[in-house]
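A.B. asks: Pasting work.cif below, which is mmCIF, C-alpha atoms.
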```cif
data_upload
#
loop_
_atom_site.label_atom_id
_atom_site.label_comp_id
_atom_site.auth_asym_id
_atom_site.auth_seq_id
_atom_site.Cartn_x
_atom_site.Cartn_y
_atom_site.Cartn_z
CA MET A 21 65.05 97.82 -17.07
CA LYS A 22 65.92 96.92 -20.66
CA THR A 23 63.26 97.03 -23.34
CA PRO A 24 61.83 93.65 -24.37
CA ARG A 25 63.64 93.66 -27.73
CA GLY A 26 66.91 94.70 -26.19
CA PHE A 27 66.80 92.12 -23.44
CA PHE A 28 68.07 89.30 -25.66
CA LYS A 29 70.66 91.26 -27.63
CA PRO A 30 74.37 90.50 -27.02
CA LEU A 31 75.94 93.13 -24.76
CA ALA A 32 79.24 93.16 -26.64
CA ILE A 33 80.18 93.03 -30.31
CA GLY A 34 81.02 89.42 -31.09
CA ALA A 35 79.50 87.99 -27.90
CA PRO A 36 77.22 84.95 -28.29
CA THR A 37 73.48 85.56 -28.52
CA PRO A 38 71.85 85.14 -25.08
CA TRP A 39 69.69 82.12 -24.40
CA ARG A 40 65.97 82.75 -24.78
CA GLU A 41 65.28 79.69 -22.63
CA PRO A 42 67.88 78.25 -20.25
CA PRO A 43 69.06 74.80 -21.40
CA ALA A 44 66.90 72.01 -19.97
CA ARG A 45 69.16 70.17 -17.54
CA VAL A 46 68.70 67.88 -14.56
CA GLU A 47 70.36 69.60 -11.57
CA ARG A 48 69.31 67.65 -8.48
CA MET A 49 72.59 68.20 -6.70
CA ILE A 50 75.31 70.83 -7.09
CA HIS A 51 78.36 69.07 -5.68
CA PHE A 52 81.02 71.37 -4.27
CA VAL A 53 84.70 70.59 -4.90
CA PRO A 54 87.71 72.48 -3.46
CA PRO A 55 89.81 72.72 -6.65
CA HIS A 56 93.08 73.61 -4.91
CA LEU A 57 93.33 70.09 -3.48
CA ASP A 58 94.97 67.76 -5.98
CA LYS A 59 93.77 64.64 -4.15
CA VAL A 60 90.16 65.78 -4.48
CA ARG A 61 90.51 66.65 -8.17
CA ALA A 62 92.02 63.22 -8.76
CA LYS A 63 88.72 61.65 -7.66
CA LEU A 64 86.61 63.64 -10.14
CA PRO A 65 86.45 60.91 -12.81
CA GLU A 66 84.90 58.70 -10.12
CA ILE A 67 82.59 61.31 -8.57
CA ALA A 68 81.38 63.14 -11.70
CA PRO A 69 79.21 60.31 -13.11
CA THR A 70 77.30 60.15 -9.80
CA VAL A 71 76.16 63.80 -9.78
CA ASP A 72 74.32 66.27 -12.00
CA VAL A 73 76.58 69.28 -11.39
CA ILE A 74 80.20 69.62 -10.28
CA LEU A 75 81.04 73.04 -8.84
CA ALA A 76 84.58 74.34 -8.44
CA ASN A 77 84.44 76.44 -5.29
CA LEU A 78 86.68 79.52 -5.16
CA GLU A 79 84.91 81.38 -2.35
CA ASP A 80 84.10 80.40 1.26
CA ALA A 81 86.09 77.47 2.68
CA ILE A 82 89.07 78.33 0.44
CA PRO A 83 91.84 80.03 2.48
CA ALA A 84 93.07 83.41 1.25
CA ASP A 85 96.51 82.02 0.50
CA ALA A 86 94.98 79.24 -1.61
CA LYS A 87 92.78 81.41 -3.86
CA GLY A 88 95.29 81.37 -6.72
CA ALA A 89 95.71 77.61 -6.50
CA ALA A 90 91.93 77.18 -6.45
CA LEU A 91 91.56 79.25 -9.63
CA ALA A 92 94.28 77.25 -11.36
CA GLY A 93 92.61 74.07 -10.14
CA ALA A 94 89.24 75.13 -11.52
CA VAL A 95 90.78 75.67 -14.96
CA ALA A 96 92.53 72.31 -14.69
CA MET A 97 89.25 70.62 -13.76
CA SER A 98 87.65 71.94 -16.94
CA ARG A 99 90.35 70.23 -19.01
CA GLU A 100 90.89 67.01 -17.04
CA VAL A 101 87.32 65.69 -17.29
CA ASP A 102 84.90 65.93 -20.23
CA PHE A 103 81.90 66.86 -18.09
CA ARG A 104 79.66 67.55 -21.06
CA ALA A 105 80.19 64.06 -22.44
CA LEU A 106 79.09 62.70 -19.06
CA GLY A 107 75.97 64.87 -19.03
CA VAL A 108 77.33 66.73 -15.99
CA GLY A 109 77.26 70.51 -15.62
CA LEU A 110 80.45 72.38 -14.71
CA TRP A 111 79.88 75.40 -12.47
CA VAL A 112 82.28 77.73 -10.67
CA ARG A 113 81.50 79.76 -7.57
CA ILE A 114 83.58 82.93 -7.74
CA ASN A 115 84.46 85.31 -4.92
CA CYS A 116 82.09 88.19 -4.20
CA LEU A 117 82.14 91.26 -6.43
CA ASN A 118 83.95 93.48 -3.93
CA SER A 119 86.74 90.98 -3.17
CA PRO A 120 90.33 91.42 -4.41
CA TRP A 121 90.15 88.11 -6.31
CA HIS A 122 86.93 88.64 -8.23
CA LEU A 123 88.05 90.38 -11.43
CA ASP A 124 91.06 88.16 -12.09
CA GLU A 125 88.95 85.07 -11.47
CA VAL A 126 86.27 85.98 -14.01
CA ALA A 127 88.81 87.07 -16.63
CA THR A 128 90.88 83.90 -16.22
CA LEU A 129 87.89 81.57 -16.23
CA VAL A 130 86.44 82.99 -19.44
CA GLU A 131 89.81 83.06 -21.19
CA LYS A 132 90.96 79.57 -20.24
CA ALA A 133 87.75 77.63 -19.71
CA GLY A 134 84.95 79.73 -21.19
CA ASP A 135 83.47 77.13 -23.53
CA ARG A 136 83.60 74.44 -20.83
CA ILE A 137 81.86 76.34 -18.02
CA ASP A 138 78.06 76.19 -17.92
CA VAL A 139 77.31 78.46 -14.96
CA ILE A 140 79.10 80.99 -12.76
CA MET A 141 77.66 81.19 -9.26
CA VAL A 142 77.79 84.73 -7.82
CA PRO A 143 77.74 85.11 -4.02
CA LYS A 144 76.04 87.84 -2.01
CA VAL A 145 73.98 89.29 -4.87
CA GLU A 146 72.10 92.26 -3.44
CA GLY A 147 70.23 93.66 -6.43
CA PRO A 148 69.84 93.57 -10.20
CA TRP A 149 72.81 95.93 -10.54
CA ASP A 150 75.16 93.08 -9.56
CA ILE A 151 73.71 90.94 -12.36
CA PHE A 152 73.86 93.83 -14.87
CA TYR A 153 77.58 94.19 -14.09
CA MET A 154 78.29 90.46 -14.47
CA ASP A 155 76.22 90.32 -17.67
CA GLN A 156 78.22 93.08 -19.34
CA LEU A 157 81.57 91.80 -18.05
CA LEU A 158 80.94 88.27 -19.30
CA ALA A 159 79.74 89.49 -22.69
CA SER A 160 82.90 91.55 -23.18
CA LEU A 161 85.15 88.67 -22.15
CA GLU A 162 83.23 86.12 -24.24
CA ALA A 163 83.63 88.36 -27.29
CA LYS A 164 87.33 88.88 -26.61
CA HIS A 165 88.08 85.17 -26.24
CA GLY A 166 85.70 83.77 -28.87
CA VAL A 167 83.41 81.94 -26.46
CA THR A 168 80.50 80.55 -28.47
CA ARG A 169 77.97 79.70 -25.73
CA PRO A 170 76.80 82.25 -23.15
CA ILE A 171 77.88 81.43 -19.62
CA LEU A 172 74.85 81.48 -17.34
CA LEU A 173 74.64 83.17 -13.93
CA HIS A 174 73.39 81.75 -10.65
CA ALA A 175 72.85 84.13 -7.72
CA ILE A 176 73.15 83.25 -4.04
CA LEU A 177 70.55 84.88 -1.82
CA GLU A 178 72.46 85.59 1.39
CA THR A 179 71.80 89.17 2.49
CA ALA A 180 68.70 90.98 3.70
CA GLU A 181 69.01 93.41 0.80
CA GLY A 182 69.16 90.52 -1.65
CA VAL A 183 65.97 89.03 -0.22
CA MET A 184 64.27 92.42 -0.52
CA ASN A 185 65.29 92.60 -4.22
CA VAL A 186 64.93 88.95 -5.18
CA GLU A 187 62.23 89.55 -7.82
CA GLN A 188 64.42 92.07 -9.66
CA ILE A 189 67.46 89.78 -9.37
CA ALA A 190 65.56 86.87 -10.90
CA GLY A 191 64.58 88.91 -13.94
CA ALA A 192 67.78 90.93 -14.40
CA SER A 193 69.31 89.05 -17.34
CA PRO A 194 68.67 86.23 -19.81
CA ARG A 195 71.83 84.71 -18.31
CA MET A 196 69.99 83.94 -15.07
CA GLN A 197 69.90 80.19 -14.49
CA GLY A 198 68.66 80.19 -10.91
CA ILE A 199 69.03 81.32 -7.31
CA SER A 200 70.18 79.44 -4.21
CA LEU A 201 69.37 80.19 -0.60
CA GLY A 202 72.53 80.90 1.42
CA PRO A 203 71.30 80.53 5.01
CA ALA A 204 74.55 81.12 6.94
CA ASP A 205 75.45 84.51 5.49
CA LEU A 206 71.79 85.49 5.43
CA ALA A 207 71.49 84.69 9.13
CA ALA A 208 74.46 86.97 9.84
CA SER A 209 73.04 89.72 7.62
CA ARG A 210 69.75 89.62 9.52
CA ALA A 211 71.43 89.37 12.94
CA MET A 212 69.66 86.04 13.50
CA LYS A 213 70.83 84.30 16.67
CA THR A 214 71.92 80.97 15.21
CA THR A 215 75.22 79.38 14.21
CA ARG A 216 73.57 76.61 12.19
CA VAL A 217 74.02 76.34 8.41
CA GLY A 218 70.49 75.68 7.20
CA GLY A 219 67.84 73.50 8.76
CA GLY A 220 65.64 74.20 11.75
CA HIS A 221 66.46 75.42 15.22
CA PRO A 222 65.24 73.93 18.51
CA GLY A 223 64.45 77.38 19.86
CA TYR A 224 62.16 78.37 16.97
CA ARG A 225 58.85 76.71 17.88
CA VAL A 226 55.12 77.03 18.31
CA ILE A 227 53.53 75.86 21.56
CA GLU A 228 49.98 74.83 22.36
CA ASP A 229 47.80 76.70 24.86
CA PRO A 230 48.09 75.93 28.59
CA HIS A 231 46.19 72.94 29.94
CA ALA A 232 43.80 73.41 32.85
CA ASP A 233 45.57 70.66 34.78
CA GLY A 234 49.00 72.23 34.22
CA SER A 235 50.29 69.24 32.25
CA PRO A 236 53.21 69.74 29.84
CA ARG A 237 52.35 71.63 26.66
CA ALA A 238 53.28 70.15 23.29
CA SER A 239 55.52 72.22 21.03
CA VAL A 240 56.86 71.73 17.52
CA GLN A 241 60.09 73.00 15.97
CA GLN A 242 59.52 75.35 13.03
CA ASP A 243 61.46 76.25 9.86
CA LEU A 244 63.39 79.51 10.12
CA TRP A 245 63.66 79.74 6.33
CA HIS A 246 60.09 79.14 5.16
CA TYR A 247 59.28 82.77 4.34
CA THR A 248 62.53 83.37 2.46
CA PHE A 249 62.20 80.07 0.63
CA ALA A 250 58.70 80.84 -0.57
CA LYS A 251 59.65 84.32 -1.72
CA MET A 252 62.65 82.98 -3.64
CA VAL A 253 60.64 80.17 -5.26
CA ASP A 254 57.93 82.58 -6.41
CA ALA A 255 60.50 84.98 -7.89
CA CYS A 256 62.24 82.17 -9.76
CA ALA A 257 59.01 80.60 -11.02
CA ALA A 258 57.71 83.95 -12.26
CA HIS A 259 60.88 84.49 -14.31
CA GLY A 260 61.32 80.93 -15.56
CA ILE A 261 64.51 80.14 -13.66
CA LYS A 262 65.30 77.50 -11.02
CA PRO A 263 65.28 77.82 -7.21
CA PHE A 264 67.71 75.73 -5.16
CA TYR A 265 68.31 74.99 -1.51
CA GLY A 266 71.87 75.84 -0.59
CA PRO A 267 74.09 74.12 1.98
CA PHE A 268 73.04 71.88 4.84
CA GLY A 269 75.99 72.07 7.21
CA ALA A 270 75.30 69.18 9.61
CA ILE A 271 77.10 66.44 7.70
CA ASP A 272 76.62 64.14 10.69
CA ASP A 273 72.80 64.39 10.54
CA PRO A 274 71.61 62.78 7.28
CA VAL A 275 68.03 62.46 8.57
CA ALA A 276 67.68 66.23 9.07
CA CYS A 277 69.46 66.86 5.76
CA GLU A 278 66.96 64.66 3.94
CA GLN A 279 64.02 66.42 5.59
CA GLN A 280 65.34 69.88 4.70
CA PHE A 281 65.95 68.81 1.11
CA ARG A 282 62.47 67.29 0.96
CA ASN A 283 60.88 70.51 2.22
CA ALA A 284 62.73 72.36 -0.55
CA PHE A 285 61.65 69.81 -3.19
CA LEU A 286 58.00 69.98 -2.16
CA MET A 287 58.08 73.78 -2.30
CA GLY A 288 59.40 73.76 -5.87
CA CYS A 289 63.19 73.65 -5.69
CA ALA A 290 65.06 71.83 -8.46
CA GLY A 291 67.96 70.70 -6.29
CA ALA A 292 70.35 71.48 -3.46
CA TRP A 293 74.05 71.82 -2.73
CA THR A 294 75.97 68.75 -1.60
CA LEU A 295 78.99 69.58 0.50
CA HIS A 296 80.03 66.01 1.28
CA PRO A 297 79.82 62.82 -0.82
CA SER A 298 77.38 61.38 1.73
CA GLN A 299 74.81 64.01 0.73
CA ILE A 300 74.83 63.08 -2.97
CA ALA A 301 72.59 60.03 -2.57
CA ILE A 302 70.24 62.02 -0.33
CA ALA A 303 69.79 64.74 -2.95
CA LYS A 304 69.37 62.22 -5.76
CA LYS A 305 66.65 60.39 -3.83
CA VAL A 306 64.80 63.50 -2.67
CA PHE A 307 64.85 65.54 -5.89
CA SER A 308 63.72 62.60 -8.03
CA PRO A 309 59.92 62.20 -7.75
CA ALA A 310 58.84 58.95 -6.11
CA PRO A 311 57.97 56.27 -8.71
CA ASP A 312 54.49 55.63 -7.24
CA GLU A 313 53.66 59.35 -7.42
CA VAL A 314 54.89 59.50 -11.02
CA ALA A 315 52.75 56.47 -11.88
CA PHE A 316 49.64 58.12 -10.39
CA ALA A 317 50.43 61.39 -12.20
CA ARG A 318 50.66 59.49 -15.49
CA ARG A 319 47.23 57.99 -14.82
CA ILE A 320 45.81 61.51 -14.40
CA LEU A 321 47.28 62.59 -17.74
CA GLU A 322 45.96 59.46 -19.44
CA ALA A 323 42.48 59.96 -17.96
CA MET A 324 42.38 63.60 -19.14
CA PRO A 325 44.49 63.73 -22.33
CA ASP A 326 43.65 67.35 -23.15
CA GLY A 327 43.59 68.57 -19.55
CA THR A 328 39.88 69.39 -19.51
CA GLY A 329 36.88 67.93 -17.75
CA VAL A 330 36.79 65.86 -14.56
CA ALA A 331 37.91 62.31 -13.78
CA MET A 332 37.71 60.13 -10.66
CA LEU A 333 40.78 58.04 -9.81
CA ASP A 334 40.88 55.93 -6.65
CA GLY A 335 38.14 58.04 -5.11
CA LYS A 336 39.96 61.32 -5.79
CA MET A 337 38.55 63.97 -8.11
CA GLN A 338 40.89 65.20 -10.83
CA ASP A 339 40.39 68.39 -12.83
CA ASP A 340 42.43 70.87 -14.84
CA ALA A 341 44.35 72.02 -11.76
CA THR A 342 45.42 68.51 -10.73
CA TRP A 343 46.22 67.81 -14.41
CA LYS A 344 48.72 70.69 -14.29
CA GLN A 345 50.22 69.30 -11.08
CA ALA A 346 50.53 65.88 -12.69
CA LYS A 347 52.21 67.35 -15.76
CA VAL A 348 54.84 69.05 -13.58
CA MET A 349 55.57 65.69 -11.94
CA VAL A 350 55.72 63.70 -15.18
CA ASP A 351 57.78 66.31 -17.04
CA CYS A 352 60.31 66.29 -14.19
CA ALA A 353 60.42 62.48 -14.21
CA ARG A 354 60.91 62.33 -17.99
CA GLN A 355 63.80 64.77 -17.80
CA ILE A 356 65.45 62.71 -15.05
CA ALA A 357 64.82 59.44 -16.91
CA ALA A 358 66.54 60.82 -20.03
CA LYS A 359 69.72 61.32 -17.95
CA ASP A 360 69.51 58.58 -15.32
CA ALA A 361 69.04 54.97 -16.47
CA GLU A 362 68.19 53.83 -12.95
CA TYR A 363 65.22 56.18 -12.74
CA ALA A 364 64.19 55.50 -16.32
CA GLY A 365 63.59 51.93 -15.21
CA LEU A 366 61.82 52.92 -12.01
CA TYR A 367 59.52 55.29 -13.88
CA GLY A 368 58.87 52.87 -16.77
CA PHE A 369 60.02 55.32 -19.46
#
```
What's the structure tokens form of this structure?
C.D. replies:
Amino acid sequence: MKTPRGFFKPLAIGAPTPWREPPARVERMIHFVPPHLDKVRAKLPEIAPTVDVILANLEDAIPADAKGAALAGAVAMSREVDFRALGVGLWVRINCLNSPWHLDEVATLVEKAGDRIDVIMVPKVEGPWDIFYMDQLLASLEAKHGVTRPILLHAILETAEGVMNVEQIAGASPRMQGISLGPADLAASRAMKTTRVGGGHPGYRVIEDPHADGSPRASVQQDLWHYTFAKMVDACAAHGIKPFYGPFGAIDDPVACEQQFRNAFLMGCAGAWTLHPSQIAIAKKVFSPAPDEVAFARRILEAMPDGTGVAMLDGKMQDDATWKQAKVMVDCARQIAAKDAEYAGLYGF
């Protein structure tokens, strides 16, 4: 690993100085767009104001013969809409590091859209070495093309080896913005017997003990991803970056989508991917703290201004630990309110 002093030094002569703290941004939903489709890009001025992040997808779901058009479309997207003026992040998901498209994609993106792109999402990251490579490559290209702001990196956790190395991935570079869970590829990597993209599985359950009278035994469906989720969240929290839920593939099941997103939110995730416009409102609702919970959290902070001592509110004891919980809630709400006028009103900020 790099020495502490060297960690924040530019990796190329003339490259921008790395961020010491990632920019504070609201990223409740990362909305995927296939940039090779002109009709979809034409809707961006309408869609962009409704989301926190627009992502130009170059990887999965883009046919091999459309990769070039997708890259050109991603560059065009960066010029057709002023995302920064809208307070919307512009991300690009590139193809994996061992693909034939990878190198040309990164070089073209930095040259033609480098100062407009906030984050590059890297699929199938398996260890810190993948981030070291991207860190050096981006620094060299940023220096070459005069990019003034470092492009951040977001890793997708979608192989067993990546899960094993998630702590080292999270801390591999000051470019790290966050990590997303990629359940479909991860399921294949682990040889899991499911074709679902995220969510639970009816076969993964716990069942109560037998009854003496032989009556039916209750059982409850469980979450296949809980262990991986928790490990990813801890790694991200320890290194000061953001964890995200990835895709929920059942577009026709908004109830299950909302529950999966809510599980992720409660466990500490900042947001989730939205693959269809119908999922945008779900992510916005779920990853924005409920107004009544924000109001109660504000009461805790007001009752204990310096975070010490004990207070009783509505029969519930509050102490320094609950004060910290309340601060997390209120800080999140303030950040959302600064971007979203609707929630500013709901929160009373």
A.B. asks: Would you list the residues near (73.9, 63.6, -11.7), meaning any protein, DNA or RNA residue with an atom at most 9 Å from that point in file coordinates, counting only C-alpha atoms, as a PyMOL selection string?
C.D. replies: chain A and resi 46-50+68-74+107-109+300+304+359-360
A.B. asks: Closest to Thr168 of chain A among A:Asp135, A:Glu181, A:Glu146, A:Glu187, using only C-alpha atoms?
C.D. replies: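 Going through A:Asp135, A:Glu181, A:Glu146, A:Glu187 one by one, the smallest distance to Thr168 of chain A is for A:Asp135.
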A.B. asks: Identify which of the residues A:Ile151, A:Ala96, A:Val53, A:Ala364 lies closest to Ala81 of chain A, counting all atoms listed in the file when measuring atom-to-atom distances.
C.D. replies: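 The answer is A:Val53, which sits nearest to Ala81 of chain A.
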A.B. asks: To one decimal place, how far is atom CA of Ala292 of chain A from atom CA of Glu131 of chain A in Å?
C.D. replies: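 A separation of 28.8 Å between them.
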A.B. asks: On this file, the PyMOL selection byres ((chain A and resi 43) around 12) gives some set of residues; write that set as a ChimeraX atom specification.
C.D. replies: /A:38-42,44-47,109,138-139,169-172,194-198,260-262,355
A.B. asks: So, counting only C-alpha atoms, which residue among A:Pro24, A:Gly266, A:Pro65, A:Pro30 is closest to Leu161 of chain A?
C.D. replies: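 Closest residue, counting only C-alpha atoms: A:Pro30.
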A.B. asks: If we count all atoms listed in the file, what is near Ser98 of chain A at a cut-off of 8 Å, once residues fewer than 3 positions away on the same chain are taken out, given as a list of chain:residue names?
C.D. replies: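 Close residues of Ser98 of chain A: A:Ala94, A:Val95, A:Val101, A:Asp102, A:Phe103, A:Leu110, A:Ala133, A:Arg136, A:Ile137.
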A.B. asks: Could you tell me how far atom CA of Ala284 of chain A sits from atom CA of Met349 of chain A, in Å to one decimal place?
C.D. replies: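 One can read the atom CA of Met349 of chain A to atom CA of Ala284 of chain A distance as 15.0 Å.
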A.B. asks: Which residues match the PyMOL selection byres ((chain A and resi 178) around 9) in the file above, as a count of residues only?
C.D. replies: 21
A.B. asks: List the residues selected by the PyMOL selection byres ((chain A and resi 241-249) around 10) in the file shown, writing them as number ranges by chain.
C.D. replies: A: 177, 180, 183-184, 186, 200-201, 203, 206-207, 212, 218-227, 239-240, 250-255, 263-265, 280, 283-284, 287-289
A.B. asks: Can you measure atom CA of His51 of chain A to atom CA of Thr294 of chain A for me? One decimal in Å is fine.
C.D. replies: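 Going from atom CA of His51 of chain A over to atom CA of Thr294 of chain A, I get 4.7 Å.
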A.B. asks: Counting only C-alpha atoms, which of A:Ile82, A:Arg354, A:Ile67, A:Met332 gets nearest to Leu106 of chain A?
C.D. replies: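 The shortest atom-to-atom distance to Leu106 of chain A comes from A:Ile67.
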A.B. asks: Is it possible to produce a file of segment 110-131 of chain A from this structure, with N, CA and C atoms, as a compact mmCIF listing (two decimals), in the first residue's frame?
C.D. replies:
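Output contents, as saved in out06.txt:
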```
# COMPACT_ATOMS: atom_id res chain seq x y z
N LEU A 110 -22.96 12.94 -13.58
CA LEU A 110 -22.84 12.18 -14.83
C LEU A 110 -21.79 11.09 -14.61
N TRP A 111 -22.25 9.84 -14.69
CA TRP A 111 -21.38 8.68 -14.53
C TRP A 111 -21.36 7.89 -15.83
N VAL A 112 -20.32 7.08 -16.00
CA VAL A 112 -20.24 6.15 -17.13
C VAL A 112 -19.81 4.80 -16.60
N ARG A 113 -20.54 3.75 -16.98
CA ARG A 113 -20.08 2.39 -16.67
C ARG A 113 -19.34 1.85 -17.90
N ILE A 114 -18.06 1.62 -17.72
CA ILE A 114 -17.23 1.11 -18.81
C ILE A 114 -17.31 -0.41 -18.86
N ASN A 115 -16.71 -0.99 -19.91
CA ASN A 115 -16.60 -2.44 -19.98
C ASN A 115 -15.45 -2.92 -19.10
N CYS A 116 -15.49 -4.18 -18.73
CA CYS A 116 -14.52 -4.72 -17.77
C CYS A 116 -13.09 -4.60 -18.30
N LEU A 117 -12.14 -4.67 -17.39
CA LEU A 117 -10.75 -4.36 -17.72
C LEU A 117 -10.13 -5.31 -18.72
N ASN A 118 -10.64 -6.51 -18.84
CA ASN A 118 -10.07 -7.48 -19.79
C ASN A 118 -10.87 -7.57 -21.09
N SER A 119 -11.75 -6.61 -21.32
CA SER A 119 -12.55 -6.62 -22.55
C SER A 119 -11.81 -5.89 -23.67
N PRO A 120 -12.16 -6.15 -24.93
CA PRO A 120 -11.48 -5.48 -26.04
C PRO A 120 -11.87 -4.01 -26.19
N TRP A 121 -12.91 -3.57 -25.48
CA TRP A 121 -13.38 -2.19 -25.61
C TRP A 121 -12.82 -1.27 -24.53
N HIS A 122 -12.31 -1.85 -23.46
CA HIS A 122 -12.00 -1.08 -22.26
C HIS A 122 -11.05 0.09 -22.51
N LEU A 123 -9.90 -0.16 -23.07
CA LEU A 123 -8.86 0.87 -23.17
C LEU A 123 -9.31 2.04 -24.03
N ASP A 124 -9.91 1.75 -25.18
CA ASP A 124 -10.38 2.83 -26.05
C ASP A 124 -11.48 3.64 -25.37
N GLU A 125 -12.33 2.96 -24.61
CA GLU A 125 -13.40 3.68 -23.91
C GLU A 125 -12.83 4.70 -22.93
N VAL A 126 -11.91 4.27 -22.08
CA VAL A 126 -11.37 5.17 -21.06
C VAL A 126 -10.63 6.33 -21.73
N ALA A 127 -9.82 6.04 -22.73
CA ALA A 127 -9.05 7.08 -23.41
C ALA A 127 -9.99 8.10 -24.07
N THR A 128 -11.02 7.61 -24.73
CA THR A 128 -11.96 8.51 -25.42
C THR A 128 -12.75 9.34 -24.43
N LEU A 129 -13.22 8.73 -23.36
CA LEU A 129 -14.02 9.45 -22.37
C LEU A 129 -13.23 10.58 -21.73
N VAL A 130 -11.99 10.32 -21.36
CA VAL A 130 -11.19 11.36 -20.71
C VAL A 130 -10.86 12.47 -21.70
N GLU A 131 -10.53 12.10 -22.92
CA GLU A 131 -10.18 13.11 -23.92
C GLU A 131 -11.36 14.00 -24.28
```
